[in-house]
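Engineer: Just one file: query12.txt, with compact mmCIF, C-alpha atoms (C1' of nucleotides).
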```txt
# COMPACT_ATOMS: atom_id res chain seq x y z
CA MET A 670 7.76 -14.63 27.01
CA SER A 671 5.10 -13.10 24.83
CA THR A 672 1.58 -14.02 23.91
CA THR A 673 0.50 -14.61 20.34
CA ARG A 674 -1.61 -11.50 20.45
CA ASP A 675 1.29 -9.34 21.60
CA ARG A 676 3.55 -10.75 18.95
CA ILE A 677 1.01 -9.91 16.25
CA VAL A 678 0.67 -6.32 17.46
CA ASP A 679 4.40 -5.76 17.87
CA THR A 680 5.26 -7.28 14.51
CA SER A 681 2.54 -5.26 12.78
CA ALA A 682 3.84 -2.08 14.34
CA GLU A 683 7.36 -2.85 13.15
CA LEU A 684 6.25 -3.61 9.60
CA PHE A 685 3.95 -0.60 9.41
CA ARG A 686 6.76 1.63 10.59
CA ARG A 687 9.12 0.47 7.87
CA GLN A 688 6.93 0.00 4.83
CA GLY A 689 3.61 1.58 5.72
CA TYR A 690 0.10 0.30 6.19
CA ALA A 691 -1.05 -0.48 2.67
CA ALA A 692 2.15 -2.23 1.65
CA THR A 693 2.00 -4.60 4.61
CA GLY A 694 -0.13 -7.69 4.07
CA ILE A 695 -1.96 -9.76 6.64
CA LYS A 696 -0.08 -12.85 5.54
CA GLN A 697 3.24 -11.07 5.90
CA ILE A 698 2.31 -10.12 9.45
CA VAL A 699 1.38 -13.62 10.63
CA THR A 700 4.44 -15.10 8.94
CA ALA A 701 6.81 -12.57 10.52
CA ALA A 702 5.11 -12.90 13.88
CA GLN A 703 5.20 -16.71 13.65
CA ALA A 704 1.55 -16.61 14.56
CA PRO A 705 -1.28 -18.84 13.34
CA PHE A 706 -3.35 -17.20 10.67
CA GLY A 707 -6.61 -18.00 12.37
CA SER A 708 -5.49 -16.28 15.55
CA LEU A 709 -5.32 -12.90 13.88
CA TYR A 710 -9.04 -12.78 13.17
CA HIS A 711 -9.77 -14.35 16.52
CA PHE A 712 -8.06 -11.49 18.36
CA PHE A 713 -8.93 -8.79 15.85
CA PRO A 714 -12.40 -9.44 14.46
CA GLY A 715 -12.31 -5.91 13.05
CA GLY A 716 -9.60 -7.06 10.66
CA LYS A 717 -6.63 -5.10 9.41
CA GLU A 718 -8.00 -1.73 10.41
CA GLN A 719 -8.53 -2.73 14.04
CA LEU A 720 -5.10 -4.29 14.17
CA GLY A 721 -3.60 -1.19 12.56
CA ALA A 722 -5.20 1.16 15.04
CA GLU A 723 -4.04 -0.93 17.97
CA ALA A 724 -0.52 -1.20 16.59
CA ILE A 725 -0.40 2.58 16.24
CA ARG A 726 -1.56 3.15 19.80
CA THR A 727 0.78 0.54 21.24
CA SER A 728 3.91 1.70 19.48
CA GLY A 729 2.94 5.31 20.13
CA ALA A 730 2.73 4.64 23.86
CA LEU A 731 6.05 2.79 23.77
CA TYR A 732 7.77 5.65 22.00
CA GLU A 733 6.32 8.12 24.50
CA GLN A 734 8.23 6.35 27.25
CA LEU A 735 11.40 7.70 25.70
CA ILE A 736 10.47 11.14 27.01
CA PRO A 737 10.87 10.36 30.73
CA ALA A 738 13.65 7.89 29.94
CA ILE A 739 15.73 10.64 28.38
CA PHE A 740 14.50 13.82 30.04
CA ASP A 741 14.56 12.62 33.65
CA PRO A 742 18.25 11.73 33.98
CA ALA A 743 19.37 14.74 31.91
CA PRO A 744 20.97 17.62 33.83
CA ASP A 745 18.77 20.22 32.11
CA LEU A 746 16.09 20.66 29.47
CA VAL A 747 18.37 21.78 26.67
CA THR A 748 20.69 18.82 27.17
CA ALA A 749 17.70 16.50 27.17
CA VAL A 750 16.50 17.87 23.84
CA ARG A 751 19.95 17.38 22.35
CA MET A 752 20.12 13.84 23.64
CA PHE A 753 16.70 13.03 22.26
CA PHE A 754 17.66 14.00 18.72
CA ALA A 755 21.11 12.42 19.01
CA GLY A 756 19.55 9.19 20.22
CA ALA A 757 17.08 9.19 17.35
CA ALA A 758 19.91 9.72 14.89
CA ALA A 759 21.98 6.92 16.40
CA HIS A 760 19.11 4.48 16.35
CA LEU A 761 18.23 5.34 12.78
CA GLU A 762 21.80 4.71 11.68
CA GLU A 763 22.02 1.47 13.62
CA THR A 764 18.93 0.10 11.89
CA ASP A 765 20.20 1.10 8.45
CA TYR A 766 17.70 3.96 8.24
CA GLU A 767 14.70 1.71 8.77
CA ASP A 768 13.46 2.61 12.26
CA ALA A 769 12.36 6.22 12.27
CA CYS A 770 9.06 7.38 13.74
CA PRO A 771 6.76 4.44 14.50
CA ILE A 772 3.62 6.15 13.28
CA ALA A 773 4.49 8.94 10.83
CA THR A 774 4.39 6.78 7.71
CA VAL A 775 0.98 5.40 8.57
CA ALA A 776 -0.28 8.81 9.69
CA LEU A 777 0.41 10.33 6.28
CA GLU A 778 -1.00 7.33 4.45
CA VAL A 779 -4.33 6.97 6.19
CA SER A 780 -5.24 10.52 7.17
CA SER A 781 -7.45 10.86 4.11
CA SER A 782 -8.79 7.33 3.87
CA SER A 783 -9.47 5.83 7.30
CA GLU A 784 -10.97 7.98 9.99
CA THR A 785 -10.49 5.24 12.59
CA MET A 786 -6.76 5.08 12.05
CA ARG A 787 -6.38 8.84 11.63
CA GLU A 788 -7.90 9.22 15.09
CA ALA A 789 -5.48 6.68 16.52
CA CYS A 790 -2.58 8.68 15.13
CA ALA A 791 -4.05 11.95 16.37
CA ASP A 792 -4.47 10.52 19.87
CA VAL A 793 -0.85 9.43 19.92
CA PHE A 794 0.38 12.83 18.80
CA ASP A 795 -1.83 14.58 21.36
CA SER A 796 -0.43 12.32 24.03
CA TRP A 797 3.15 13.12 23.00
CA ILE A 798 2.38 16.82 23.01
CA ALA A 799 0.93 16.66 26.51
CA ALA A 800 3.86 14.63 27.82
CA GLY A 801 6.44 16.92 26.25
CA ALA A 802 4.71 20.11 27.32
CA SER A 803 4.69 19.09 30.96
CA ARG A 804 8.48 18.69 30.82
CA HIS A 805 8.74 22.26 29.58
CA THR A 806 6.41 23.71 32.20
CA GLU A 807 8.34 21.91 34.93
CA ALA A 808 11.41 23.75 33.70
CA GLY A 809 9.62 27.04 34.23
CA ILE A 810 8.13 27.80 30.84
CA GLY A 811 4.58 29.10 30.60
CA GLU A 812 1.91 26.65 29.51
CA ALA A 813 1.07 28.15 26.14
CA ARG A 814 4.71 28.54 25.21
CA ALA A 815 5.48 25.04 26.48
CA ARG A 816 2.87 23.58 24.17
CA GLU A 817 4.23 25.52 21.21
CA LEU A 818 7.77 24.47 21.89
CA THR A 819 6.73 20.84 22.13
CA ILE A 820 4.79 20.91 18.88
CA ALA A 821 7.75 22.59 17.19
CA MET A 822 10.04 19.93 18.59
CA ILE A 823 7.90 17.01 17.43
CA ALA A 824 7.45 18.61 14.03
CA ALA A 825 11.19 19.12 13.68
CA LEU A 826 11.81 15.52 14.67
CA GLU A 827 9.23 14.10 12.28
CA GLY A 828 10.41 16.22 9.38
CA ALA A 829 14.02 15.38 10.06
CA PHE A 830 13.07 11.70 9.98
CA VAL A 831 11.52 12.14 6.54
CA LEU A 832 14.63 13.80 5.17
CA ALA A 833 17.02 11.45 6.94
CA ARG A 834 15.36 8.32 5.62
CA ALA A 835 15.21 9.58 2.04
CA LEU A 836 18.72 11.02 2.05
CA ARG A 837 20.17 8.21 4.13
CA SER A 838 21.92 10.72 6.33
CA THR A 839 21.61 11.72 9.97
CA GLU A 840 22.51 15.32 9.14
CA PRO A 841 18.89 16.56 9.24
CA LEU A 842 18.41 15.10 12.71
CA HIS A 843 21.50 16.80 14.07
CA ILE A 844 20.57 20.13 12.52
CA ALA A 845 16.98 19.92 13.73
CA GLY A 846 18.24 19.03 17.20
CA ASP A 847 20.50 22.07 17.26
CA VAL A 848 17.75 24.43 16.15
CA VAL A 849 15.21 23.10 18.65
CA ALA A 850 17.76 23.14 21.48
CA ALA A 851 18.61 26.75 20.71
CA THR A 852 14.94 27.71 20.65
CA VAL A 853 14.30 26.04 24.00
CA GLN A 854 17.41 27.71 25.43
CA ARG A 855 16.05 31.07 24.38
CA ALA A 856 12.65 30.34 25.91
CA LEU A 857 14.31 29.48 29.21
CA SER A 858 16.27 32.73 29.44
CA ALA A 859 13.22 34.84 28.58
CA MET B 1151 -4.61 21.04 -23.41
CA SER B 1152 -2.63 18.19 -21.95
CA THR B 1153 -1.16 15.05 -23.36
CA THR B 1154 -2.20 11.62 -22.13
CA ARG B 1155 1.27 11.09 -20.72
CA ASP B 1156 1.15 14.32 -18.73
CA ARG B 1157 -2.28 13.51 -17.39
CA ILE B 1158 -1.06 10.12 -16.17
CA VAL B 1159 1.92 11.63 -14.38
CA ASP B 1160 -0.04 14.48 -12.82
CA THR B 1161 -2.88 12.25 -11.66
CA SER B 1162 -0.44 9.72 -10.22
CA ALA B 1163 1.35 12.47 -8.32
CA GLU B 1164 -1.94 13.69 -6.88
CA LEU B 1165 -3.04 10.22 -5.79
CA PHE B 1166 0.35 9.30 -4.35
CA ARG B 1167 0.36 12.51 -2.36
CA ARG B 1168 -2.97 11.79 -0.74
CA GLN B 1169 -2.98 8.06 -0.17
CA GLY B 1170 0.57 6.94 -0.77
CA TYR B 1171 2.25 4.70 -3.30
CA ALA B 1172 1.17 1.21 -2.27
CA ALA B 1173 -2.45 2.14 -1.75
CA THR B 1174 -2.76 3.61 -5.23
CA GLY B 1175 -3.55 1.10 -7.97
CA ILE B 1176 -2.70 1.28 -11.64
CA LYS B 1177 -6.36 0.98 -12.54
CA GLN B 1178 -7.26 3.83 -10.22
CA ILE B 1179 -4.68 6.00 -11.92
CA VAL B 1180 -5.85 5.42 -15.49
CA THR B 1181 -9.48 5.84 -14.46
CA ALA B 1182 -8.84 9.11 -12.64
CA ALA B 1183 -6.63 10.37 -15.45
CA GLN B 1184 -9.20 9.31 -18.06
CA ALA B 1185 -6.38 7.64 -19.87
CA PRO B 1186 -6.38 4.39 -21.85
CA PHE B 1187 -5.00 1.51 -19.88
CA GLY B 1188 -2.69 0.42 -22.64
CA SER B 1189 -1.09 3.85 -22.81
CA LEU B 1190 0.31 3.56 -19.32
CA TYR B 1191 2.58 0.67 -20.20
CA HIS B 1192 3.36 2.25 -23.53
CA PHE B 1193 4.73 5.39 -21.89
CA PHE B 1194 6.10 3.65 -18.81
CA PRO B 1195 7.45 0.24 -19.77
CA GLY B 1196 9.11 0.12 -16.37
CA GLY B 1197 5.65 -0.11 -14.84
CA LYS B 1198 4.46 1.37 -11.61
CA GLU B 1199 7.93 2.01 -10.24
CA GLN B 1200 9.02 4.06 -13.24
CA LEU B 1201 5.79 6.01 -13.17
CA GLY B 1202 6.17 6.56 -9.44
CA ALA B 1203 9.70 7.88 -9.76
CA GLU B 1204 8.70 10.26 -12.53
CA ALA B 1205 5.65 11.47 -10.61
CA ILE B 1206 7.88 12.21 -7.63
CA ARG B 1207 10.38 14.17 -9.68
CA THR B 1208 7.69 16.10 -11.53
CA SER B 1209 5.69 17.13 -8.51
CA GLY B 1210 8.91 17.84 -6.62
CA ALA B 1211 10.02 20.24 -9.33
CA LEU B 1212 6.60 21.87 -9.38
CA TYR B 1213 6.64 22.40 -5.64
CA GLU B 1214 10.13 23.85 -5.84
CA GLN B 1215 8.77 26.65 -7.98
CA LEU B 1216 6.95 27.92 -4.91
CA ILE B 1217 10.29 29.07 -3.54
CA PRO B 1218 10.93 31.85 -6.09
CA ALA B 1219 7.20 32.50 -6.38
CA ILE B 1220 6.99 33.35 -2.70
CA PHE B 1221 10.50 34.51 -1.81
CA ASP B 1222 11.04 36.88 -4.75
CA PRO B 1223 8.15 39.29 -4.18
CA ALA B 1224 8.56 39.26 -0.40
CA PRO B 1225 10.11 42.35 1.18
CA ASP B 1226 12.59 40.33 3.24
CA LEU B 1227 13.66 36.78 4.06
CA VAL B 1228 11.80 36.50 7.35
CA THR B 1229 8.55 37.65 5.80
CA ALA B 1230 9.03 35.15 2.99
CA VAL B 1231 9.45 32.29 5.45
CA ARG B 1232 6.30 33.33 7.26
CA MET B 1233 4.36 33.54 4.02
CA PHE B 1234 5.58 30.13 2.94
CA PHE B 1235 4.23 28.42 6.05
CA ALA B 1236 1.05 30.48 6.04
CA GLY B 1237 0.45 29.57 2.42
CA ALA B 1238 1.00 25.89 3.14
CA ALA B 1239 -1.47 26.08 6.02
CA ALA B 1240 -4.07 27.84 3.91
CA HIS B 1241 -3.78 25.36 1.07
CA LEU B 1242 -3.99 22.42 3.43
CA GLU B 1243 -7.17 23.77 4.95
CA GLU B 1244 -8.69 24.55 1.56
CA THR B 1245 -8.19 20.97 0.39
CA ASP B 1246 -9.69 19.54 3.60
CA TYR B 1247 -6.25 18.43 4.82
CA GLU B 1248 -5.51 16.36 1.76
CA ASP B 1249 -2.80 18.29 -0.07
CA ALA B 1250 0.26 18.46 2.11
CA CYS B 1251 3.76 17.66 0.87
CA PRO B 1252 3.67 16.03 -2.57
CA ILE B 1253 6.40 13.51 -1.81
CA ALA B 1254 6.69 12.97 1.96
CA THR B 1255 4.18 10.13 2.14
CA VAL B 1256 5.88 8.22 -0.63
CA ALA B 1257 9.33 9.03 0.71
CA LEU B 1258 8.57 7.37 4.04
CA GLU B 1259 6.86 4.42 2.40
CA VAL B 1260 9.49 3.44 -0.13
CA SER B 1261 12.76 4.40 1.53
CA SER B 1262 13.28 0.86 2.71
CA SER B 1263 11.80 -1.03 -0.21
CA SER B 1264 12.58 0.66 -3.54
CA GLU B 1265 16.01 2.13 -4.09
CA THR B 1266 14.90 3.67 -7.39
CA MET B 1267 12.11 5.65 -5.77
CA ARG B 1268 14.14 6.50 -2.68
CA GLU B 1269 16.71 8.10 -4.97
CA ALA B 1270 14.01 10.11 -6.74
CA CYS B 1271 12.84 11.44 -3.38
CA ALA B 1272 16.40 12.17 -2.29
CA ASP B 1273 17.08 14.09 -5.49
CA VAL B 1274 13.99 16.22 -4.96
CA PHE B 1275 14.95 17.01 -1.37
CA ASP B 1276 18.53 17.85 -2.43
CA SER B 1277 17.15 20.16 -5.07
CA TRP B 1278 14.90 21.92 -2.55
CA ILE B 1279 17.81 22.31 -0.16
CA ALA B 1280 19.98 23.86 -2.85
CA ALA B 1281 17.23 26.23 -3.97
CA GLY B 1282 16.40 27.30 -0.43
CA ALA B 1283 20.03 27.71 0.62
CA SER B 1284 20.75 30.10 -2.23
CA ARG B 1285 17.92 32.35 -1.00
CA HIS B 1286 19.58 32.48 2.38
CA THR B 1287 23.06 33.21 1.05
CA GLU B 1288 21.63 36.00 -1.10
CA ALA B 1289 20.33 37.55 2.11
CA GLY B 1290 23.85 37.57 3.50
CA ILE B 1291 24.05 34.32 5.44
CA GLY B 1292 27.16 32.17 5.19
CA GLU B 1293 26.94 29.07 3.03
CA ALA B 1294 27.19 26.44 5.74
CA ARG B 1295 24.68 28.20 7.93
CA ALA B 1296 22.37 28.80 4.96
CA ARG B 1297 22.29 25.08 4.25
CA GLU B 1298 21.54 24.29 7.88
CA LEU B 1299 18.74 26.82 8.05
CA THR B 1300 17.18 25.45 4.89
CA ILE B 1301 17.29 21.85 6.08
CA ALA B 1302 15.78 22.95 9.39
CA MET B 1303 13.07 24.81 7.52
CA ILE B 1304 12.16 21.89 5.28
CA ALA B 1305 12.20 19.51 8.23
CA ALA B 1306 9.92 21.80 10.20
CA LEU B 1307 7.56 22.05 7.25
CA GLU B 1308 7.45 18.31 6.64
CA GLY B 1309 6.95 17.50 10.29
CA ALA B 1310 4.26 20.12 10.66
CA PHE B 1311 2.49 18.56 7.68
CA VAL B 1312 2.49 15.18 9.40
CA LEU B 1313 0.99 16.61 12.57
CA ALA B 1314 -1.44 18.87 10.74
CA ARG B 1315 -2.87 16.09 8.62
CA ALA B 1316 -3.31 13.70 11.54
CA LEU B 1317 -4.70 16.32 13.91
CA ARG B 1318 -6.69 18.09 11.22
CA SER B 1319 -5.38 21.43 12.43
CA THR B 1320 -3.15 24.09 10.94
CA GLU B 1321 -1.73 24.93 14.35
CA PRO B 1322 1.50 22.96 13.84
CA LEU B 1323 2.19 24.81 10.60
CA HIS B 1324 1.76 28.20 12.20
CA ILE B 1325 3.94 27.27 15.16
CA ALA B 1326 6.64 25.78 12.94
CA GLY B 1327 6.55 28.90 10.77
CA ASP B 1328 7.04 31.13 13.80
CA VAL B 1329 9.96 29.10 15.10
CA VAL B 1330 11.72 28.96 11.74
CA ALA B 1331 11.15 32.66 11.10
CA ALA B 1332 12.61 33.52 14.48
CA THR B 1333 15.63 31.33 13.83
CA VAL B 1334 16.26 32.94 10.45
CA GLN B 1335 15.81 36.38 12.03
CA ARG B 1336 18.49 35.55 14.54
CA ALA B 1337 20.85 34.28 11.84
CA LEU B 1338 20.44 37.55 9.94
CA SER B 1339 21.32 39.76 12.89
CA ALA B 1340 24.36 37.67 13.79
C1' DC C 295 -2.68 6.12 -51.89
C1' DA C 296 0.35 3.03 -49.29
C1' DG C 297 3.15 2.04 -45.44
C1' DG C 298 4.69 2.52 -40.81
C1' DG C 299 5.14 3.96 -36.28
C1' DA C 300 2.80 6.06 -32.29
C1' DC C 301 -0.85 5.30 -29.53
C1' DT C 302 -5.33 3.15 -27.93
C1' DA C 303 -8.19 -0.63 -26.25
C1' DG C 304 -9.30 -4.16 -23.18
C1' DA C 305 -9.31 -9.10 -22.37
C1' DT C 306 -6.46 -12.02 -19.77
C1' DT C 307 -2.67 -13.76 -16.82
C1' DG C 308 -1.04 -15.59 -12.36
C1' DA C 309 -0.29 -13.84 -8.00
C1' DT C 310 -1.82 -11.79 -3.99
C1' DC C 311 -5.21 -9.13 -1.39
C1' DG C 312 -8.30 -9.16 3.05
C1' DC C 313 -11.34 -12.13 4.93
C1' DT C 314 -14.63 -16.24 6.10
C1' DC C 315 -15.34 -20.69 7.15
C1' DT C 316 -15.16 -25.27 9.26
C1' DA C 317 -12.58 -28.58 11.74
C1' DG C 318 -9.85 -29.77 15.33
C1' DC C 319 -6.49 -29.20 19.21
C1' DG C 320 -5.57 -29.01 24.16
C1' DA C 321 -5.98 -27.41 28.81
C1' DG C 322 -9.32 -26.83 32.52
C1' DT C 323 -13.70 -28.20 34.95
C1' DA C 324 -17.33 -31.45 36.22
C1' DT D 262 -14.06 -39.85 31.41
C1' DA D 263 -17.15 -36.26 29.09
C1' DC D 264 -17.75 -31.43 28.05
C1' DT D 265 -16.58 -26.76 27.25
C1' DC D 266 -14.14 -23.06 25.36
C1' DG D 267 -10.06 -20.28 23.99
C1' DC D 268 -7.16 -20.79 20.46
C1' DT D 269 -4.97 -22.95 16.33
C1' DA D 270 -4.87 -24.45 11.54
C1' DG D 271 -5.36 -23.68 6.82
C1' DA D 272 -8.35 -24.42 2.74
C1' DG D 273 -10.79 -21.51 0.00
C1' DC D 274 -13.77 -17.22 -1.19
C1' DG D 275 -14.35 -13.25 -4.44
C1' DA D 276 -11.96 -9.30 -5.49
C1' DT D 277 -8.16 -6.86 -6.96
C1' DC D 278 -3.24 -6.45 -7.88
C1' DA D 279 0.58 -5.26 -11.53
C1' DA D 280 1.61 -6.63 -15.83
C1' DT D 281 1.39 -8.86 -20.63
C1' DC D 282 -0.58 -9.69 -24.96
C1' DT D 283 -2.84 -9.15 -29.37
C1' DA D 284 -5.60 -6.41 -32.25
C1' DG D 285 -6.91 -2.32 -33.96
C1' DT D 286 -7.01 2.88 -34.82
C1' DC D 287 -4.99 7.04 -36.07
C1' DC D 288 -2.01 10.26 -38.33
C1' DC D 289 2.24 11.42 -40.59
C1' DT D 290 5.38 10.70 -44.24
C1' DG D 291 6.81 9.14 -48.75
```
Go ahead and express the file in the form of structure tokens.
Structural biologist:
Amino acid sequence: MSTTRDRIVDTSAELFRRQGYAATGIKQIVTAAQAPFGSLYHFFPGGKEQLGAEAIRTSGALYEQLIPAIFDPAPDLVTAVRMFFAGAAAHLEETDYEDACPIATVALEVSSSSETMREACADVFDSWIAAGASRHTEAGIGEARARELTIAMIAALEGAFVLARALRSTEPLHIAGDVVAATVQRALSA
Amino acid sequence: MSTTRDRIVDTSAELFRRQGYAATGIKQIVTAAQAPFGSLYHFFPGGKEQLGAEAIRTSGALYEQLIPAIFDPAPDLVTAVRMFFAGAAAHLEETDYEDACPIATVALEVSSSSETMREACADVFDSWIAAGASRHTEAGIGEARARELTIAMIAALEGAFVLARALRSTEPLHIAGDVVAATVQRALSA
DNA sequence: CAGGGACTAGATTGATCGCTCTAGCGAGTA
DNA sequence: TACTCGCTAGAGCGATCAATCTAGTCCCTG
């Protein structure tokens, strides 16, 4: 069971992910969420921008949970990295190339126009970086190098999502996964 | 000297790059381009979508010219890769984090909503991949591996742009450049 | 000089945008 | 039974959206 407020946030996040922030209308959100129109401005007096920022933070936090979910049961770090990219590729294909990164589209759109939302995106990325880096340090990689590897991994994932969605192919995700896995492998044996 | 038509396309490309497709209005385009409103629909009877597709292809082709411009004078492939990422970082910083990839924002936005524009983006990416792969084969890398390296490089660049714009930092670009350069280095000595 | 096609100019269209507003519903307390 | 208050409901605001339409200007060609 879900509250009206939760449904609005979740639906917004889904729509923003697929078609971006500007292309998603308030009316489209309440219709898709089966929520009363008046409720939106009751819960989000700050309007679309407040809702957008909260949707970014919520879906960012949800996506971050994939890190422990995939890395913890994996036998080793390199396998975990491979599984992460393979999982992303599988999910993208299952959703007909609609569900890629939950915040990348919005991040590119608003970085130059809304400081509030840009900050929300930056916070999510920083949080991902911290979460990923700790997995690398636990595996015995130095802190500075762990941070670099994580940023490289997220960048590779995001970029592969861009290519994969436009080309309608999971090839970029598999290639990016291979390259990142090999780089992590090398860092481990150093 | 530039024709009205060229000014419309160039201005559109610039605006789409910074704020995306949906957030950019027709009126904003003609105002920024100092073009007559009527001319837009004279040159682009297909409306915003036709203009968008052409802007994508034009700016994609322009960006592709950076490949020979940077790779040709460079002493070797690895140096060229480093210079490419360093140049991207410098330009991003110079423009206050506004000018990243000319088509990535639009590519993410429209991939699920406009097949016409998705194809334009896909064609540009395919063209970049072909141009980049030939540079790698010329350096003595096998064709399949050259394609993989190029896709990995473009993905790393695109993803680093996403992070860099949101975080307002060139760090991701420098890290991605290092990782890609090291990967290419390894492919050369194999 | 006359005619025609390329281009300019902007008013106007209906639809949709984000948002405000008032009215009322319904569960909990007094 | 009264009263409150969190939430629902949607009509309606001004602004802006992409797009169409007619009228007019300009230059090139015959």
Engineer: Using all atoms listed in the file, which of A:Ala829, A:Ile698, A:Ala704, A:Ala835 sits nearest chain D?
Structural biologist: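 Using all atoms listed in the file, the shortest distance to chain D belongs to A:Ala704.
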Engineer: Determine the nearest neighbour of Ser1261 in chain B from the options B:Ser1189, B:Gly1309, B:Trp1278, B:Tyr1171, counting only C-alpha atoms.
Structural biologist: B:Tyr1171
Engineer: So, counting all atoms listed in the file, which residue among B:Ala1236, B:Phe1221, B:Glu1308, B:Leu1227 is closest to Arg1336 in chain B?
Structural biologist: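 Of B:Ala1236, B:Phe1221, B:Glu1308, B:Leu1227, the one nearest Arg1336 in chain B is B:Leu1227, counting all atoms listed in the file.
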Engineer: Give as a list in words every residue of chain A that touches chain D within 10 Å, counting all atoms listed in the file.
Structural biologist: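 Listed by rising number, the hits are Thr673, Ala704, Pro705, Phe706, Gly707, Ser708, His711 and Phe712 of chain A.
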Engineer: Could you pull the residues within 10 Å of Ala802 in chain A, counting only C-alpha atoms (C1' of nucleotides), minus those fewer than 6 positions along the same chain, as a list of chain:residue names?
Structural biologist: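 With the cut-off at 10 Å, the set is A:Ser796, A:Ala808, A:Ile810, A:Gly811, A:Glu812, A:Ala813, A:Arg814, A:Ala815, A:Arg816, A:Glu817, A:Leu818, A:Thr819, A:Ile820.
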Engineer: Once you have the residues from the selection above, write them out as a PDB file, in the coordinates of the input, restricted to C-alpha atoms.
Structural biologist:
```pdb
ATOM      1  CA  SER A 796      -0.430  12.320  24.030  1.00  0.00           C
ATOM      2  CA  ALA A 808      11.410  23.750  33.700  1.00  0.00           C
ATOM      3  CA  ILE A 810       8.130  27.800  30.840  1.00  0.00           C
ATOM      4  CA  GLY A 811       4.580  29.100  30.600  1.00  0.00           C
ATOM      5  CA  GLU A 812       1.910  26.650  29.510  1.00  0.00           C
ATOM      6  CA  ALA A 813       1.070  28.150  26.140  1.00  0.00           C
ATOM      7  CA  ARG A 814       4.710  28.540  25.210  1.00  0.00           C
ATOM      8  CA  ALA A 815       5.480  25.040  26.480  1.00  0.00           C
ATOM      9  CA  ARG A 816       2.870  23.580  24.170  1.00  0.00           C
ATOM     10  CA  GLU A 817       4.230  25.520  21.210  1.00  0.00           C
ATOM     11  CA  LEU A 818       7.770  24.470  21.890  1.00  0.00           C
ATOM     12  CA  THR A 819       6.730  20.840  22.130  1.00  0.00           C
ATOM     13  CA  ILE A 820       4.790  20.910  18.880  1.00  0.00           C
TER      14      ILE A 820
END
```
Engineer: From the list A:Tyr732, A:Tyr710, A:Phe754, A:Phe685, which residue is nearest chain B when using all atoms listed in the file?
Structural biologist: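 Checking each candidate against chain B, we get A:Phe685 as the closest.
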Engineer: Return as a list in words the residues belonging to chain A that are within 10 Å of chain C, counting all atoms listed in the file.
Structural biologist: Gly694, Ile695, Lys696, Tyr710, Pro714, Gly716 and Lys717 of chain A
Engineer: Just need the residues of chain B within 8 Å of chain A, counting all atoms listed in the file, so spit them out as a VMD selection string.
Structural biologist: chain B and resid 1168 to 1170 1172 to 1173 1247 to 1248 1254 to 1255 1257 to 1263 1268 to 1269 1271 to 1272 1275 1298 1301 to 1302 1304 to 1310 1312 to 1313 1315 to 1317 1322 1325 to 1326 1329 1333
Engineer: Just to be explicit: take each residue in the selection above, keep C-alpha atoms, and write the result as a compact mmCIF listing (two decimals), in the frame of the given file.
Structural biologist:
```txt
# COMPACT_ATOMS: atom_id res chain seq x y z
CA ARG B 1168 -2.97 11.79 -0.74
CA GLN B 1169 -2.98 8.06 -0.17
CA GLY B 1170 0.57 6.94 -0.77
CA ALA B 1172 1.17 1.21 -2.27
CA ALA B 1173 -2.45 2.14 -1.75
CA TYR B 1247 -6.25 18.43 4.82
CA GLU B 1248 -5.51 16.36 1.76
CA ALA B 1254 6.69 12.97 1.96
CA THR B 1255 4.18 10.13 2.14
CA ALA B 1257 9.33 9.03 0.71
CA LEU B 1258 8.57 7.37 4.04
CA GLU B 1259 6.86 4.42 2.40
CA VAL B 1260 9.49 3.44 -0.13
CA SER B 1261 12.76 4.40 1.53
CA SER B 1262 13.28 0.86 2.71
CA SER B 1263 11.80 -1.03 -0.21
CA ARG B 1268 14.14 6.50 -2.68
CA GLU B 1269 16.71 8.10 -4.97
CA CYS B 1271 12.84 11.44 -3.38
CA ALA B 1272 16.40 12.17 -2.29
CA PHE B 1275 14.95 17.01 -1.37
CA GLU B 1298 21.54 24.29 7.88
CA ILE B 1301 17.29 21.85 6.08
CA ALA B 1302 15.78 22.95 9.39
CA ILE B 1304 12.16 21.89 5.28
CA ALA B 1305 12.20 19.51 8.23
CA ALA B 1306 9.92 21.80 10.20
CA LEU B 1307 7.56 22.05 7.25
CA GLU B 1308 7.45 18.31 6.64
CA GLY B 1309 6.95 17.50 10.29
CA ALA B 1310 4.26 20.12 10.66
CA VAL B 1312 2.49 15.18 9.40
CA LEU B 1313 0.99 16.61 12.57
CA ARG B 1315 -2.87 16.09 8.62
CA ALA B 1316 -3.31 13.70 11.54
CA LEU B 1317 -4.70 16.32 13.91
CA PRO B 1322 1.50 22.96 13.84
CA ILE B 1325 3.94 27.27 15.16
CA ALA B 1326 6.64 25.78 12.94
CA VAL B 1329 9.96 29.10 15.10
CA THR B 1333 15.63 31.33 13.83
```
Engineer: Pick out the residues sitting within 8 Å of Arg1155 in chain B, and hand them over as a VMD selection string; count all atoms listed in the file, and ignore anything fewer than 2 positions along from it in its own chain.
Structural biologist: chain B and resid 1153 1157 to 1159 1189 to 1190 1193
